[in-house]
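Data from final.cif: mmCIF, C-alpha atoms and all ligand atoms
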data_run
loop_
_atom_site.label_atom_id
_atom_site.label_comp_id
_atom_site.auth_asym_id
_atom_site.auth_seq_id
_atom_site.Cartn_x
_atom_site.Cartn_y
_atom_site.Cartn_z
CA MET A 1 0.09 -22.81 -69.36
CA ALA A 2 2.75 -24.76 -71.20
CA ARG A 3 2.78 -28.51 -70.80
CA GLY A 4 6.01 -28.60 -68.88
CA THR A 5 4.72 -26.01 -66.40
CA VAL A 6 1.56 -28.02 -65.79
CA ALA A 7 3.60 -31.13 -65.20
CA ALA A 8 5.89 -29.28 -62.85
CA ALA A 9 2.92 -27.83 -61.00
CA MET A 10 1.37 -31.30 -60.72
CA ALA A 11 4.61 -32.71 -59.41
CA GLY A 12 4.75 -29.91 -56.88
CA LEU A 13 1.21 -30.69 -55.79
CA LEU A 14 2.01 -34.36 -55.44
CA LEU A 15 5.07 -33.49 -53.47
CA LEU A 16 3.04 -31.28 -51.15
CA THR A 17 0.45 -34.02 -50.69
CA ALA A 18 3.09 -36.64 -50.15
CA CYS A 19 4.73 -34.72 -47.36
CA GLY A 20 1.49 -33.27 -46.04
CA GLY A 21 2.04 -34.73 -42.60
CA GLY A 22 5.70 -34.03 -42.74
CA GLY A 23 8.13 -31.23 -43.30
CA LYS A 24 6.69 -28.49 -45.49
CA ALA A 25 4.22 -25.84 -44.43
CA ALA A 26 1.05 -25.61 -46.50
CA ASN A 27 2.48 -22.52 -48.19
CA GLY A 28 5.50 -24.49 -49.31
CA SER A 29 7.85 -22.13 -47.48
CA GLY A 30 9.43 -24.93 -45.50
CA ALA A 31 8.53 -23.24 -42.22
CA ILE A 32 7.36 -25.36 -39.30
CA THR A 33 3.61 -25.01 -38.78
CA LEU A 34 2.47 -24.76 -35.17
CA GLY A 35 -1.18 -24.99 -34.19
CA PHE A 36 -1.76 -23.14 -30.93
CA ALA A 37 -5.09 -23.52 -29.12
CA GLN A 38 -5.28 -20.66 -26.63
CA VAL A 39 -7.69 -20.60 -23.67
CA GLY A 40 -9.20 -17.21 -24.42
CA ALA A 41 -8.59 -13.56 -23.63
CA GLU A 42 -9.91 -13.57 -20.08
CA SER A 43 -7.12 -11.67 -18.34
CA GLY A 44 -4.15 -9.35 -18.70
CA TRP A 45 -1.94 -12.38 -18.17
CA ARG A 46 -3.58 -14.16 -21.09
CA THR A 47 -3.23 -11.15 -23.40
CA ALA A 48 0.49 -10.97 -22.58
CA ASN A 49 0.84 -14.72 -23.12
CA THR A 50 -0.83 -14.56 -26.54
CA LYS A 51 1.37 -11.68 -27.64
CA SER A 52 4.48 -13.51 -26.44
CA VAL A 53 3.55 -16.62 -28.44
CA GLN A 54 2.71 -14.62 -31.58
CA ASP A 55 5.86 -12.47 -31.42
CA ALA A 56 8.11 -15.44 -30.69
CA ALA A 57 6.67 -17.48 -33.57
CA LYS A 58 7.36 -14.61 -35.92
CA ALA A 59 10.89 -14.16 -34.63
CA ALA A 60 11.57 -17.89 -34.95
CA GLY A 61 10.14 -18.11 -38.49
CA ILE A 62 7.46 -20.55 -37.33
CA GLU A 63 4.11 -20.42 -39.11
CA LEU A 64 1.53 -20.01 -36.34
CA LYS A 65 -2.09 -21.07 -36.59
CA PHE A 66 -3.80 -19.48 -33.61
CA SER A 67 -7.24 -20.04 -32.12
CA ASP A 68 -9.04 -18.52 -29.12
CA ALA A 69 -11.37 -20.98 -27.33
CA GLN A 70 -13.22 -18.34 -25.32
CA GLN A 71 -12.62 -20.38 -22.17
CA LYS A 72 -14.56 -23.37 -23.51
CA GLN A 73 -13.05 -26.85 -23.62
CA GLU A 74 -15.21 -27.94 -26.58
CA ASN A 75 -13.82 -25.04 -28.64
CA GLN A 76 -10.27 -26.09 -27.81
CA ILE A 77 -11.00 -29.68 -28.80
CA THR A 78 -12.47 -28.48 -32.12
CA ALA A 79 -9.37 -26.33 -32.74
CA ILE A 80 -7.02 -29.24 -31.99
CA ARG A 81 -8.98 -31.52 -34.33
CA SER A 82 -8.72 -28.93 -37.07
CA TYR A 83 -4.95 -28.69 -36.55
CA ILE A 84 -4.75 -32.47 -36.86
CA GLN A 85 -6.72 -32.29 -40.11
CA GLN A 86 -4.48 -29.52 -41.41
CA LYS A 87 -1.50 -31.73 -40.61
CA VAL A 88 0.39 -29.08 -38.67
CA LYS A 89 3.85 -30.12 -37.56
CA VAL A 90 3.33 -29.49 -33.82
CA ILE A 91 0.32 -28.68 -31.64
CA ALA A 92 0.66 -26.58 -28.49
CA PHE A 93 -2.14 -25.67 -26.17
CA SER A 94 -3.00 -24.33 -22.78
CA PRO A 95 -5.76 -26.66 -21.53
CA VAL A 96 -8.61 -24.64 -20.06
CA VAL A 97 -9.39 -27.42 -17.55
CA GLU A 98 -7.30 -30.40 -16.41
CA SER A 99 -9.62 -33.29 -17.29
CA GLY A 100 -11.13 -34.75 -20.43
CA TRP A 101 -8.29 -34.56 -22.97
CA ASP A 102 -7.36 -38.18 -23.57
CA THR A 103 -9.50 -38.77 -26.65
CA VAL A 104 -8.26 -35.80 -28.64
CA LEU A 105 -4.67 -36.30 -27.48
CA LYS A 106 -4.85 -39.90 -28.70
CA GLU A 107 -6.05 -38.61 -32.06
CA ALA A 108 -3.01 -36.33 -32.31
CA LYS A 109 -0.73 -39.18 -31.33
CA ALA A 110 -2.28 -41.46 -33.94
CA ALA A 111 -1.62 -38.74 -36.53
CA ASN A 112 2.01 -38.52 -35.35
CA ILE A 113 1.67 -34.89 -34.36
CA PRO A 114 3.59 -34.07 -31.18
CA VAL A 115 1.77 -32.02 -28.54
CA ILE A 116 3.33 -29.52 -26.13
CA LEU A 117 1.37 -28.34 -23.10
CA THR A 118 1.98 -24.72 -22.24
CA ASP A 119 0.95 -22.83 -19.13
CA ARG A 120 -1.61 -25.36 -17.85
CA ALA A 121 -1.38 -29.10 -17.33
CA VAL A 122 -3.73 -32.03 -18.00
CA ASP A 123 -4.44 -34.77 -15.45
CA SER A 124 -4.03 -37.56 -17.98
CA PRO A 125 -2.19 -40.55 -16.48
CA ASP A 126 -0.75 -41.41 -19.91
CA LYS A 127 2.31 -39.18 -20.15
CA THR A 128 3.07 -40.37 -23.68
CA LEU A 129 0.17 -38.25 -24.97
CA TYR A 130 2.31 -35.11 -24.87
CA LYS A 131 6.00 -34.31 -25.20
CA THR A 132 6.45 -31.82 -22.41
CA PHE A 133 4.87 -29.20 -20.17
CA LEU A 134 6.11 -25.61 -20.10
CA GLY A 135 4.73 -23.37 -17.38
CA SER A 136 4.57 -22.48 -13.71
CA ASP A 137 4.34 -24.35 -10.44
CA PHE A 138 0.89 -23.15 -9.37
CA VAL A 139 0.99 -24.97 -6.03
CA ALA A 140 4.16 -23.03 -5.20
CA GLU A 141 2.39 -19.79 -6.15
CA GLY A 142 -0.48 -20.56 -3.78
CA LYS A 143 2.00 -21.38 -1.04
CA LYS A 144 3.75 -18.04 -1.51
CA ALA A 145 0.42 -16.26 -1.04
CA GLY A 146 -0.19 -18.26 2.14
CA GLU A 147 3.31 -17.55 3.44
CA TRP A 148 2.87 -13.84 2.87
CA LEU A 149 -0.37 -13.98 4.86
CA THR A 150 1.27 -15.91 7.68
CA LYS A 151 3.97 -13.24 8.01
CA GLU A 152 1.58 -10.34 7.63
CA TYR A 153 -0.56 -11.56 10.54
CA ALA A 154 2.25 -13.03 12.64
CA SER A 155 1.76 -10.59 15.49
CA ALA A 156 -1.98 -9.89 15.09
CA ALA A 157 -4.42 -11.45 17.54
CA GLY A 158 -7.74 -13.15 16.76
CA ASP A 159 -9.21 -14.84 13.73
CA VAL A 160 -8.36 -13.73 10.22
CA ASN A 161 -11.36 -14.07 7.92
CA ILE A 162 -10.37 -14.76 4.33
CA VAL A 163 -12.46 -14.75 1.17
CA GLU A 164 -11.10 -16.51 -1.88
CA LEU A 165 -11.78 -15.77 -5.53
CA GLN A 166 -10.95 -18.95 -7.42
CA GLY A 167 -9.94 -19.15 -11.06
CA THR A 168 -11.78 -21.12 -13.73
CA THR A 169 -13.37 -24.18 -12.14
CA GLY A 170 -11.37 -27.31 -12.92
CA SER A 171 -8.35 -25.44 -14.27
CA ALA A 172 -4.86 -26.35 -13.08
CA PRO A 173 -4.09 -22.85 -11.70
CA ALA A 174 -7.38 -22.73 -9.75
CA ASN A 175 -6.93 -26.23 -8.32
CA ASP A 176 -3.27 -25.78 -7.48
CA ARG A 177 -3.35 -22.21 -6.17
CA LYS A 178 -6.19 -23.21 -3.85
CA LYS A 179 -4.25 -26.24 -2.64
CA GLY A 180 -0.93 -24.46 -2.09
CA PHE A 181 -2.56 -21.66 -0.15
CA GLY A 182 -4.80 -24.05 1.81
CA ASP A 183 -1.86 -26.26 2.80
CA VAL A 184 0.08 -23.33 4.24
CA ILE A 185 -2.74 -21.66 6.16
CA ALA A 186 -3.96 -24.99 7.56
CA ALA A 187 -1.03 -24.83 9.97
CA ASN A 188 -2.70 -21.92 11.73
CA PRO A 189 -6.32 -22.35 12.89
CA ARG A 190 -6.75 -18.57 13.15
CA PHE A 191 -6.89 -18.39 9.37
CA LYS A 192 -10.44 -19.07 8.24
CA VAL A 193 -11.58 -19.16 4.63
CA VAL A 194 -15.14 -17.94 5.18
CA ALA A 195 -16.17 -17.90 1.51
CA SER A 196 -14.62 -19.29 -1.67
CA GLN A 197 -16.09 -19.11 -5.13
CA THR A 198 -14.99 -18.90 -8.75
CA GLY A 199 -14.56 -15.52 -10.37
CA GLU A 200 -13.53 -17.21 -13.63
CA PHE A 201 -10.24 -15.28 -13.80
CA THR A 202 -12.06 -12.15 -15.09
CA ARG A 203 -12.45 -8.64 -13.72
CA ALA A 204 -16.21 -8.58 -14.24
CA LYS A 205 -16.82 -11.82 -12.40
CA GLY A 206 -14.31 -10.92 -9.68
CA LYS A 207 -16.26 -7.75 -9.02
CA GLU A 208 -19.61 -9.51 -9.04
CA VAL A 209 -18.56 -12.28 -6.66
CA MET A 210 -16.81 -9.82 -4.32
CA GLU A 211 -20.05 -7.81 -4.16
CA ALA A 212 -21.84 -10.96 -3.04
CA PHE A 213 -19.12 -11.76 -0.47
CA LEU A 214 -19.39 -8.25 0.96
CA LYS A 215 -23.14 -8.69 1.36
CA SER A 216 -23.00 -12.15 2.91
CA GLN A 217 -19.91 -11.83 5.13
CA PRO A 218 -20.07 -9.59 8.20
CA LYS A 219 -16.28 -9.46 8.61
CA ILE A 220 -13.71 -9.84 5.81
CA ASP A 221 -10.04 -9.24 6.65
CA VAL A 222 -8.32 -10.60 3.56
CA LEU A 223 -9.05 -11.34 -0.09
CA TYR A 224 -7.01 -14.04 -1.79
CA ALA A 225 -7.57 -13.79 -5.55
CA HIS A 226 -6.20 -16.50 -7.84
CA ASN A 227 -5.36 -13.80 -10.38
CA ASP A 228 -4.85 -10.06 -10.62
CA ASP A 229 -7.85 -9.36 -12.82
CA MET A 230 -10.27 -10.72 -10.24
CA ALA A 231 -8.48 -8.69 -7.54
CA LEU A 232 -8.82 -5.56 -9.67
CA GLY A 233 -12.54 -6.22 -10.16
CA ALA A 234 -12.92 -6.88 -6.43
CA ILE A 235 -11.23 -3.55 -5.60
CA GLU A 236 -14.10 -1.79 -7.40
CA ALA A 237 -16.64 -3.74 -5.34
CA ILE A 238 -14.80 -2.98 -2.09
CA GLN A 239 -14.65 0.73 -2.86
CA ALA A 240 -18.32 0.78 -3.86
CA ALA A 241 -19.11 -0.76 -0.47
CA GLY A 242 -17.36 2.19 1.23
CA LYS A 243 -14.30 0.22 2.33
CA VAL A 244 -10.64 0.86 1.61
CA PRO A 245 -8.89 -1.90 -0.37
CA GLY A 246 -5.44 -2.65 1.01
CA LYS A 247 -6.41 -1.38 4.48
CA ASP A 248 -9.91 -2.47 5.56
CA ILE A 249 -9.50 -5.56 3.42
CA LYS A 250 -5.98 -6.72 2.57
CA ILE A 251 -5.46 -8.25 -0.84
CA VAL A 252 -3.03 -10.83 -2.17
CA SER A 253 -3.23 -11.98 -5.78
CA VAL A 254 -1.25 -13.88 -8.41
CA ASP A 255 0.16 -12.87 -11.85
CA GLY A 256 1.98 -9.53 -11.69
CA VAL A 257 0.38 -7.64 -14.56
CA ARG A 258 1.06 -3.92 -14.79
CA ASP A 259 -2.36 -2.81 -13.49
CA ALA A 260 -1.97 -4.94 -10.39
CA LEU A 261 1.58 -3.74 -9.75
CA GLN A 262 0.22 -0.19 -10.06
CA ALA A 263 -2.55 -0.99 -7.56
CA LEU A 264 0.12 -2.46 -5.27
CA ALA A 265 2.27 0.66 -5.64
CA ASP A 266 -0.85 2.70 -4.79
CA GLY A 267 -1.51 0.61 -1.67
CA LYS A 268 -4.74 -0.99 -2.91
CA ILE A 269 -3.21 -4.45 -3.17
CA ASN A 270 -0.80 -5.70 -0.49
CA HIS A 271 1.14 -8.48 -2.19
CA VAL A 272 1.44 -10.01 -5.66
CA VAL A 273 2.88 -13.44 -6.45
CA GLU A 274 4.34 -13.50 -9.94
CA CYS A 275 3.28 -15.91 -12.68
CA ASN A 276 5.23 -15.42 -15.88
CA PRO A 277 3.18 -15.30 -19.13
CA LEU A 278 6.13 -14.72 -21.46
CA LEU A 279 6.42 -18.33 -22.56
CA GLY A 280 6.69 -17.71 -26.31
CA PRO A 281 10.48 -17.87 -26.85
CA GLN A 282 10.89 -21.06 -24.78
CA LEU A 283 7.92 -22.61 -26.55
CA MET A 284 9.41 -21.95 -29.99
CA ASP A 285 12.72 -23.51 -28.89
CA LEU A 286 10.84 -26.59 -27.74
CA VAL A 287 8.88 -26.77 -31.01
CA LYS A 288 12.13 -26.75 -32.98
CA LYS A 289 13.69 -29.40 -30.75
CA VAL A 290 10.67 -31.65 -30.96
CA VAL A 291 10.60 -31.33 -34.77
CA ALA A 292 14.33 -32.14 -34.89
CA GLY A 293 13.64 -35.27 -32.85
CA GLU A 294 15.68 -34.05 -29.89
CA GLN A 295 14.89 -35.18 -26.36
CA VAL A 296 13.18 -32.54 -24.23
CA PRO A 297 12.67 -32.59 -20.46
CA PRO A 298 9.17 -33.73 -19.42
CA ARG A 299 8.52 -30.58 -17.42
CA ILE A 300 10.01 -27.10 -17.70
CA GLU A 301 9.13 -24.58 -15.02
CA THR A 302 9.46 -20.83 -15.28
CA THR A 303 11.27 -18.86 -12.61
CA GLU A 304 9.15 -16.33 -10.79
CA THR A 305 9.34 -13.75 -8.07
CA GLU A 306 7.01 -11.90 -5.67
CA PHE A 307 6.21 -8.22 -5.28
CA ASP A 308 5.74 -6.07 -2.22
CA GLN A 309 5.06 -2.36 -2.62
CA ALA A 310 8.71 -1.36 -3.09
CA ALA A 311 9.35 -4.13 -5.61
CA ALA A 312 6.24 -3.13 -7.57
CA LYS A 313 7.39 0.49 -7.73
CA ALA A 314 10.82 -0.62 -8.93
CA ALA A 315 9.42 -3.01 -11.56
CA LEU A 316 6.71 -0.76 -13.02
CA PRO A 317 8.82 1.36 -15.38
CA GLN A 318 10.07 -1.69 -17.31
CA ARG A 319 7.01 -3.89 -16.99
CA GLN A 320 6.11 -5.18 -20.46
CA TYR A 321 2.52 -6.14 -19.71
O1 LIG A 401 -2.98 -16.73 -13.78
C1 LIG A 401 -4.77 -16.08 -15.19
C2 LIG A 401 -5.15 -16.57 -16.53
O2 LIG A 401 -3.22 -20.17 -16.61
C3 LIG A 401 -1.53 -19.13 -15.35
O3 LIG A 401 -4.83 -17.95 -16.50
C4 LIG A 401 -2.71 -18.96 -16.19
C5 LIG A 401 -3.83 -18.16 -15.55
C6 LIG A 401 -3.45 -16.76 -15.07
O4 LIG A 401 -6.39 -16.26 -16.91
O5 LIG A 401 -4.71 -14.70 -15.13
#

Show how you would write the structure in this file as structure tokens.
Ligand code: GYE
Amino acid sequence: MARGTVAAAMAGLLLLTACGGGGKAANGSGAITLGFAQVGAESGWRTANTKSVQDAAKAAGIELKFSDAQQKQENQITAIRSYIQQKVKVIAFSPVVESGWDTVLKEAKAANIPVILTDRAVDSPDKTLYKTFLGSDFVAEGKKAGEWLTKEYASAAGDVNIVELQGTTGSAPANDRKKGFGDVIAANPRFKVVASQTGEFTRAKGKEVMEAFLKSQPKIDVLYAHNDDMALGAIEAIQAAGKVPGKDIKIVSVDGVRDALQALADGKINHVVECNPLLGPQLMDLVKKVVAGEQVPPRIETTETEFDQAAAKAALPQRQY
């Protein structure tokens, strides 16, 4: 290498080091680096969310560093710390549970790396630890499920025994979907939640817990599942027990993934409340705004719908996930 080249290379290195916490990506391309700490790959919703983030980053020319925490908070904290060390420009993550983030968020703040919460919220009282939240109103989703139930049983007599499959314990969607649903059905003492347990947002666990419910509960009228995957697992358990899902046991779930809309079209699920996983494009816009120092709203909620059988049939041909 000629002397001049070495000197130029050294200068380049120095430059990279000097702006390590700043503008340039590690590859020197000038792209914004985004560290994204995903929850895991527990559900169809999550798979669609991951794809949306990856596709949108590519389309926006943002260099994405992606990690999958396998539903464990300690893995997410490790990933966030590594993003801080790598001096990414922005960190985004979907907190697996609501509590216990203050320490690592303070570390990001001390390193001057802005954090964007996507999909799930944290319960931290210090709102300066993150720039914004992008995601759904999970309480509203739970309410919609409760309102559907109220209408469905408006003219039926007697008690309605409900079993509930909760999402990941301590997660915002599990806490809020339980609350929203509970608040609505509390108005009517005929609605009784006779069993409620976590199915961890997965098909396998949804099936397993539903099997246990079917053994322990003499009469189940309705299943409320905090997500579609658990409902789909539960359908297998219901069928294995010789009952007809959608008829002997009515089912309402949340998300709106293709398999659930198909089950709804087939009459195995009765109602689906939508939760939109396609957050990638909005997230990339926010990343760019935050990097540019623009003000962003503290909370951005996605618009969502609900599906009955006819709506599911109509939506299926274009459903992306
Ligand atoms: O409903 C579930 C996923 O946080 C909204 O997580 C998300 C939830 C979604 O595993 O399927």

Check your understanding: What residues have an atom no more than 9 Å from (0.6, -9.4, 4.3) in the file's own frame, counting all atoms listed in the file, and can you write them as number ranges by chain?
Key -> A: 145, 147-153, 250-252, 270-271, 308

Selection export as a CSV table (one decimal), keeping the file's coordinate frame, atoms kept: C-alpha atoms:
chain,number,residue,atom,x,y,z
A,145,ALA,CA,0.4,-16.3,-1.0
A,147,GLU,CA,3.3,-17.6,3.4
A,148,TRP,CA,2.9,-13.8,2.9
A,149,LEU,CA,-0.4,-14.0,4.9
A,150,THR,CA,1.3,-15.9,7.7
A,151,LYS,CA,4.0,-13.2,8.0
A,152,GLU,CA,1.6,-10.3,7.6
A,153,TYR,CA,-0.6,-11.6,10.5
A,250,LYS,CA,-6.0,-6.7,2.6
A,251,ILE,CA,-5.5,-8.2,-0.8
A,252,VAL,CA,-3.0,-10.8,-2.2
A,270,ASN,CA,-0.8,-5.7,-0.5
A,271,HIS,CA,1.1,-8.5,-2.2
A,308,ASP,CA,5.7,-6.1,-2.2

Could you work out an axis-aligned bounding box for all listed atoms of ligand LIG 401 (chain A), with 3 Å added on each of the six sides, and give its centre and edge lengths in Å to one decimal, as lines of an AutoDock Vina configuration file?
center_x = -4.0
center_y = -17.4
center_z = -15.3
size_x = 10.9
size_y = 11.5
size_z = 9.1

Practice item. Can you tell me which residues come within 7 Å of ligand LIG 401 (chain A) when counting all atoms listed in the file, ideally as a PyMOL selection string? Key: chain A and resi 42-46+119-120+173+201+226-229+254-255+275

Check your understanding: Which residue, A:Ser52, A:Gln318, A:Gln217, A:Asn112, has the smallest gap to Val163 of chain A when you use all atoms listed in the file?
Key ->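 Of the candidates, the smallest distance to Val163 of chain A is held by A:Gln217.
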
Point to revise | Closest of A:Leu278, A:Ala108, A:Ile162, A:Ala59 to Arg81 of chain A - atom-to-atom distances counting all atoms listed in the file | key: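 Smallest separation from Arg81 of chain A among the options: A:Ala108.
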
Exercise for review: Find the residues near Val184 of chain A: any atom within 12 Å, counting all atoms listed in the file, skip ones fewer than 4 places away on the same chain, and give them as a list of chain:residue names.
Suggested key: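 Counting only the stated atoms, we get A:Val139, A:Ala140, A:Glu141, A:Gly142, A:Lys143, A:Lys144, A:Ala145, A:Gly146, A:Glu147, A:Trp148, A:Leu149, A:Thr150, A:Lys151, A:Arg177, A:Lys178, A:Lys179, A:Gly180, A:Asn188, A:Pro189, A:Phe191.
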
Exercise for review: Please measure the separation of atom CA of Ala311 of chain A and atom CA of Leu165 of chain A, giving the value in Å to one decimal.
Suggested key: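 Going from atom CA of Ala311 of chain A over to atom CA of Leu165 of chain A, I get 24.1 Å.
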
Practice item. Find the residues around Gln38 of chain A up to 9 Å (only C-alpha atoms counted), leave out those fewer than 2 positions away in its own chain, and share them as a VMD selection string. Key: chain A and resid 36 40 to 41 46 50 66 to 71 76 92 to 96

Exercise for review: Measure the distance from atom CA of Thr202 of chain A to atom CA of Gly246 of chain A in Å and round it to one decimal.
Suggested key: 19.8 Å

Check your understanding: Any idea what the distance is between atom CA of Leu117 of chain A and atom CA of Glu63 of chain A?
Key ->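 Value for the atom CA of Leu117 of chain A-atom CA of Glu63 of chain A distance: 18.1 Å.
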
Check your understanding: Which of these, A:Gly61, A:Gly158, A:Gly167, A:Pro317, has the shortest distance to Leu261 of chain A once you count all atoms listed in the file?
Key ->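 Among the listed residues, the smallest separation from Leu261 of chain A belongs to A:Pro317.
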
Check your understanding: Using all atoms listed in the file, which of the listed residues (A:Glu211, A:Asp123, A:Asp266, A:Asp221) sits closest to Gln239 of chain A?
Key ->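 Nearest candidate to Gln239 of chain A out of A:Glu211, A:Asp123, A:Asp266, A:Asp221: A:Glu211.
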
Review point. If I put a ball of radius 12 Å at (11.7, -24.1, -31.3) in the file's coordinates, which residues poke into it when counting all atoms listed in the file, written as a PyMOL selection string?
Key: chain A and resi 31-34+53+56-63+89-90+92+116+279-294+296

Point to revise | Val209 of chain A surroundings by all atoms listed in the file, 9 Å radius, close-in-sequence under 4 positions cut, as a PyMOL selection string | key: chain A and resi 165+197-199+204-205+213-214+234+237

Exercise for review: Between A:Ala312, A:Ile238, A:Val104, A:Ala156, single out the one closest to Ala260 of chain A, counting all atoms listed in the file.
Suggested key: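 Nearest to Ala260 of chain A: A:Ala312.
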